[in-house]
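Participant: Input: one structure, supplied below.
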Amino acid sequence: LPENWPLAGSPDRGVDLHGVGYIDWYIPKMREKRDHDLSKSGLPYDWALHESADSSKMLAMAWAGEDPRQWIAEREQVSVEQVALAQGVTQGISLAILAMMPPADGSQRSSRIAVEMPAYGPTVHAPRLLGLEAVPFDRMPEDLDGAEAMNEPWLLDRGQLSKILPTVGALVLTPVLNPTGWGLTKDDQEWLVAACAAENVGIISDEVYLDISRGYESYRPFHREGAHCASINSLTKCYGLEALRFGWVIASPERAAAARRALQSIQGEIATPSIILAKCAWPHLDRVLIEARKRHYENTATLGILLKKHGYSWTPPPDALFGAIRLPDLANSFEIMDMQARDLGILAVPGDMFHPKLGNWMRISWTAPPDEFKKSIPNLDILLQNL
Ligand SMILES: Cc1ncc(COP(=O)(O)O)c(C=O)c1O
């Protein structure tokens with residue numbers, strides 16, 4: 001089987017440069033258009049429902065020259081100087097790393113960055129492309145087979161991190177963990193913020209899945225935690241606008257200015273169509289979050305009943321667009337997706353896209369409208385029966 005998980009390690013460039021293995025696997029699968037696609041971690045949302053977001057009108061709209069950072073600043077209640085635009089979170093990761101790392105002065109910590117696993121590939125690979133060594137740390141239980149692994153948030157290994165932090169300049173993490181959907185606990189967040197401040201380590205937080213918790217206690221973006229913290233977000237997942245590639249970095253004014261200067265050299269400007277379309281979507285964003293929570297509520301109830309029938313003890317993560325289950329021991333979810341699941345028209349995401357130890361885990365997204373999600377249940381039932 002191919003190595004599809006993110007690969008940490010030394011700087012990476014040249015003809016053997018690593019891609020994101022699972023993208024090569026996933027895109028052809030997605031194009032098969034299986035009837036029961038439970039792989040989509042972005043909310044499928046019919047933006048054409050809103051008249052002002054009609055696509056032809058959007059493209060005809062003249063770009064009025066306003067600063068999109070202003071909309072983000074207002075929504076996030078930060079100053080406009082704290083915002084840098086990015087063409088999606090994926091690009092924002094590189095911009096934030098460039099802004100948050102200490103200057104290259106030949107010291108060990110100026111060339112190393114800690115990267116959380118399990119992870120979305122680019123959070124681990126981007127630092128390597130920028131000439132840094134990516135030093136992995138795990139946020140997962142030691143006993144992945146334990147009953148709790150599917151029922152509670154995974155915790156930071158504070159012992160392991162305490163050893164790594166003095167040797168790195170920054171750290172990258174994704175509070176809402178992909179693939180489990182469970183958030184970083186408040187206790188872990190507070191510990192990490194303090195530990196990184198003590199060691200002068202910058203925190204780069206990929207918050208692409210966080211906004212489903214907006215308005216709830218669990219909404220704790222890192223940019224509020226101090227000048228050593230940066231949040232990256234976009235309209236991709238919780239707002240269902242993946243194709244737009246509209247994202248941003250929020251950090252201290254100095255760091256955000258550095259991210260903006262990095263963008264000048266990496267990309268120049270954000271594509272104007274992304275900005276125009278984001279402007280059309282902006283007044284409706286909260287409506288989409290309400291829909292995302294509704295789907296979470298109804299679809300996790302539906303899924304919970306099915307999983308219970310098959311003997312799984314599973315608690316849905318409270319604020320997520322997806323969750324993950326551990327399949328029977330010898331199952332490999334890559335093979336399952338290529339064989340049994342294909343025959344049933346099901347597509348879900350293998351856990352070892354995120355960490356090599358998650359080969360028998362499968363991520364199930366509940367982003368579909370509840371009526372549609374229910375239609376996938378009989379086939380998922382057969383799949384679980386046959387494992
Ligand atoms: C953790 C994480 N961050 C970011 C992204 C992509 O974000 P964007 O489309 O804004 O680049 C993904 C997509 O799967 C993801 O899983």
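Residues are referred to by chain and number: the chain letter is A, B, ... according to the order shown in the structure tokens, the number counts from 1 in that chain, and ligands are numbered separately from 1 in the order shown.
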Taking the chain letters and numbering used in this document, name the residues of range 51-249 of chain A that DSSP puts in strand (DSSP E or B), as number ranges by chain.
Facilitator: A: 83-86, 112-117, 133-138, 170-173, 202-206, 229-234, 247-249
Participant: Which residues are near ligand 1 in this structure, taking near to mean any atom at most 8 Å from a ligand atom and counting only C-alpha atoms and all ligand atoms? Format them as a ChimeraX atom specification.
Facilitator: /A:41-42,87-92,119-120,122-123,174,176-178,206-209,233-237,242-243,245-247
Participant: Just to confirm, what's the straight-line distance from CA of Pro102 in chain A to CA of Gly131 in chain A in Å (one decimal)?
Facilitator: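 Answer for the CA of Pro102 in chain A to CA of Gly131 in chain A separation: 13.2 Å.
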Participant: Considering only C-alpha atoms, return as a list in words whatever protein or nucleic-acid residues lie within 12 Å of Ala194 in chain A, sequence-local ones (same chain, fewer than 3 positions apart) excluded.
Facilitator: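 Once the nearby chain positions are removed, what remains is Arg158, Ser162, Leu165, Asp187, Asp188, Gln189, Glu190, Trp191, Ala197, Ala198, Glu199, Asn200, Val201, Gly202, Ile203, Glu225, Gly226, Ala227, His228 and Cys229 of chain A.
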Participant: Using the selection just defined, write its residues with C-alpha atoms as a PDB file, in the first residue's frame.
Facilitator:
ATOM      1  CA  ARG A 158       2.691  17.105  27.170  1.00  0.00           C
ATOM      2  CA  SER A 162       7.944  19.673  26.547  1.00  0.00           C
ATOM      3  CA  LEU A 165       9.391  22.901  22.299  1.00  0.00           C
ATOM      4  CA  ASP A 187      -7.101  22.490  29.313  1.00  0.00           C
ATOM      5  CA  ASP A 188      -4.683  21.428  26.558  1.00  0.00           C
ATOM      6  CA  GLN A 189      -5.126  24.748  24.780  1.00  0.00           C
ATOM      7  CA  GLU A 190      -4.272  26.693  27.925  1.00  0.00           C
ATOM      8  CA  TRP A 191      -1.281  24.462  28.612  1.00  0.00           C
ATOM      9  CA  ALA A 197       4.999  31.454  25.402  1.00  0.00           C
ATOM     10  CA  ALA A 198       7.582  30.230  27.931  1.00  0.00           C
ATOM     11  CA  GLU A 199       9.788  28.817  25.165  1.00  0.00           C
ATOM     12  CA  ASN A 200       9.155  31.680  22.734  1.00  0.00           C
ATOM     13  CA  VAL A 201       7.530  29.303  20.234  1.00  0.00           C
ATOM     14  CA  GLY A 202       4.938  30.636  17.765  1.00  0.00           C
ATOM     15  CA  ILE A 203       1.636  28.754  17.442  1.00  0.00           C
ATOM     16  CA  GLU A 225      -4.474  33.851  23.030  1.00  0.00           C
ATOM     17  CA  GLY A 226      -1.584  36.253  22.591  1.00  0.00           C
ATOM     18  CA  ALA A 227       0.913  37.754  20.167  1.00  0.00           C
ATOM     19  CA  HIS A 228       2.693  34.416  19.741  1.00  0.00           C
ATOM     20  CA  CYS A 229      -0.430  32.813  18.226  1.00  0.00           C
TER      21      CYS A 229
END
Participant: Using only C-alpha atoms for the distances, tell me which of A:Asn151, A:Ser10, A:Gln160, A:Ser252 is nearest to Val83 in chain A.
Facilitator: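 The shortest atom-to-atom distance to Val83 in chain A comes from A:Ser252.
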Participant: Using only C-alpha atoms, which residues sit within 12 Å of Lys357 in chain A once same-chain residues fewer than 4 positions away are excluded, as a tab-separated table (two decimals) with N, CA and C atoms, in the first residue's frame?
Facilitator:
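Output contents, as saved in selection.tsv:
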chain	number	residue	atom	x	y	z
A	3	GLU	N	2.31	5.06	0.82
A	3	GLU	CA	2.38	5.88	2.04
A	3	GLU	C	1.57	7.15	1.78
A	4	ASN	N	0.36	7.18	2.26
A	4	ASN	CA	-0.49	8.32	1.97
A	4	ASN	C	-0.55	9.34	3.08
A	5	TRP	N	0.04	9.01	4.21
A	5	TRP	CA	0.00	9.93	5.35
A	5	TRP	C	1.04	11.03	5.15
A	6	PRO	N	0.90	12.12	5.92
A	6	PRO	CA	1.89	13.20	5.83
A	6	PRO	C	3.26	12.71	6.29
A	117	MET	N	0.50	15.50	14.43
A	117	MET	CA	-0.06	14.37	13.67
A	117	MET	C	-1.11	13.72	14.58
A	118	PRO	N	-2.22	13.17	14.06
A	118	PRO	CA	-2.61	13.13	12.64
A	118	PRO	C	-2.78	14.53	12.06
A	138	ASP	N	2.64	13.61	18.26
A	138	ASP	CA	1.33	12.97	18.11
A	138	ASP	C	0.30	13.55	19.08
A	139	ARG	N	-0.92	13.74	18.59
A	139	ARG	CA	-2.05	13.94	19.50
A	139	ARG	C	-2.98	12.76	19.28
A	140	MET	N	-2.70	11.68	19.96
A	140	MET	CA	-3.57	10.49	19.86
A	140	MET	C	-3.33	9.62	21.09
A	141	PRO	N	-4.33	8.83	21.46
A	141	PRO	CA	-4.13	7.99	22.65
A	141	PRO	C	-3.09	6.91	22.37
A	142	GLU	N	-2.36	6.51	23.42
A	142	GLU	CA	-1.41	5.42	23.23
A	142	GLU	C	-2.16	4.15	22.84
A	143	ASP	N	-3.29	3.95	23.50
A	143	ASP	CA	-4.08	2.76	23.21
A	143	ASP	C	-5.22	3.11	22.25
A	144	LEU	N	-4.91	2.98	20.96
A	144	LEU	CA	-5.93	3.31	19.96
A	144	LEU	C	-7.07	2.30	19.95
A	145	ASP	N	-6.82	1.13	20.55
A	145	ASP	CA	-7.87	0.10	20.60
A	145	ASP	C	-8.76	0.26	21.83
A	326	ARG	N	-13.27	3.20	14.41
A	326	ARG	CA	-12.23	2.18	14.27
A	326	ARG	C	-12.89	0.90	13.80
A	329	ASP	N	-10.02	-5.10	13.71
A	329	ASP	CA	-8.55	-5.04	13.69
A	329	ASP	C	-7.86	-5.15	12.34
A	332	ASN	N	-8.39	-2.81	6.56
A	332	ASN	CA	-7.62	-1.64	6.12
A	332	ASN	C	-8.54	-0.77	5.29
A	333	SER	N	-8.72	0.47	5.72
A	333	SER	CA	-9.78	1.25	5.09
A	333	SER	C	-9.43	1.64	3.65
A	350	PRO	N	-9.99	7.02	4.35
A	350	PRO	CA	-9.17	6.14	5.18
A	350	PRO	C	-8.37	6.93	6.22
A	351	GLY	N	-8.30	6.39	7.43
A	351	GLY	CA	-7.61	7.09	8.52
A	351	GLY	C	-6.13	7.28	8.27
A	352	ASP	N	-5.51	6.38	7.48
A	352	ASP	CA	-4.06	6.56	7.29
A	352	ASP	C	-3.75	7.62	6.24
A	353	MET	N	-4.75	8.38	5.83
A	353	MET	CA	-4.43	9.62	5.11
A	353	MET	C	-3.82	10.63	6.07
A	361	TRP	N	-8.96	2.86	10.69
A	361	TRP	CA	-9.97	3.87	11.01
A	361	TRP	C	-10.56	4.41	9.71
A	362	MET	N	-11.80	4.84	9.81
A	362	MET	CA	-12.47	5.37	8.62
A	362	MET	C	-13.20	6.66	9.01
Participant: Identify, on the basis of only C-alpha atoms, every residue whose closest approach to Pro253 in chain A does not exceed 12 Å; exclude the query and any residue fewer than 6 positions from it along the same chain; express the result as JSON, numbers by chain.
Facilitator: {"A": [73, 78, 79, 80, 81, 82, 83, 84, 99, 100, 223, 226, 227, 228, 229, 230, 259, 260]}
Participant: Skipping near chain neighbours, those fewer than 5 positions away, what residues fall within 9 Å of Leu347 in chain A using only C-alpha atoms, listed as an MDAnalysis selection string?
Facilitator: chainID A and resid 29:30 33:39 337 341:342 364
Participant: With only C-alpha atoms as the basis for distance, which of A:Arg13, A:Tyr45, A:Ile113, A:Ser365 is at the shortest distance from His284 in chain A?
Facilitator: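 Among the listed residues, the smallest separation from His284 in chain A belongs to A:Tyr45.
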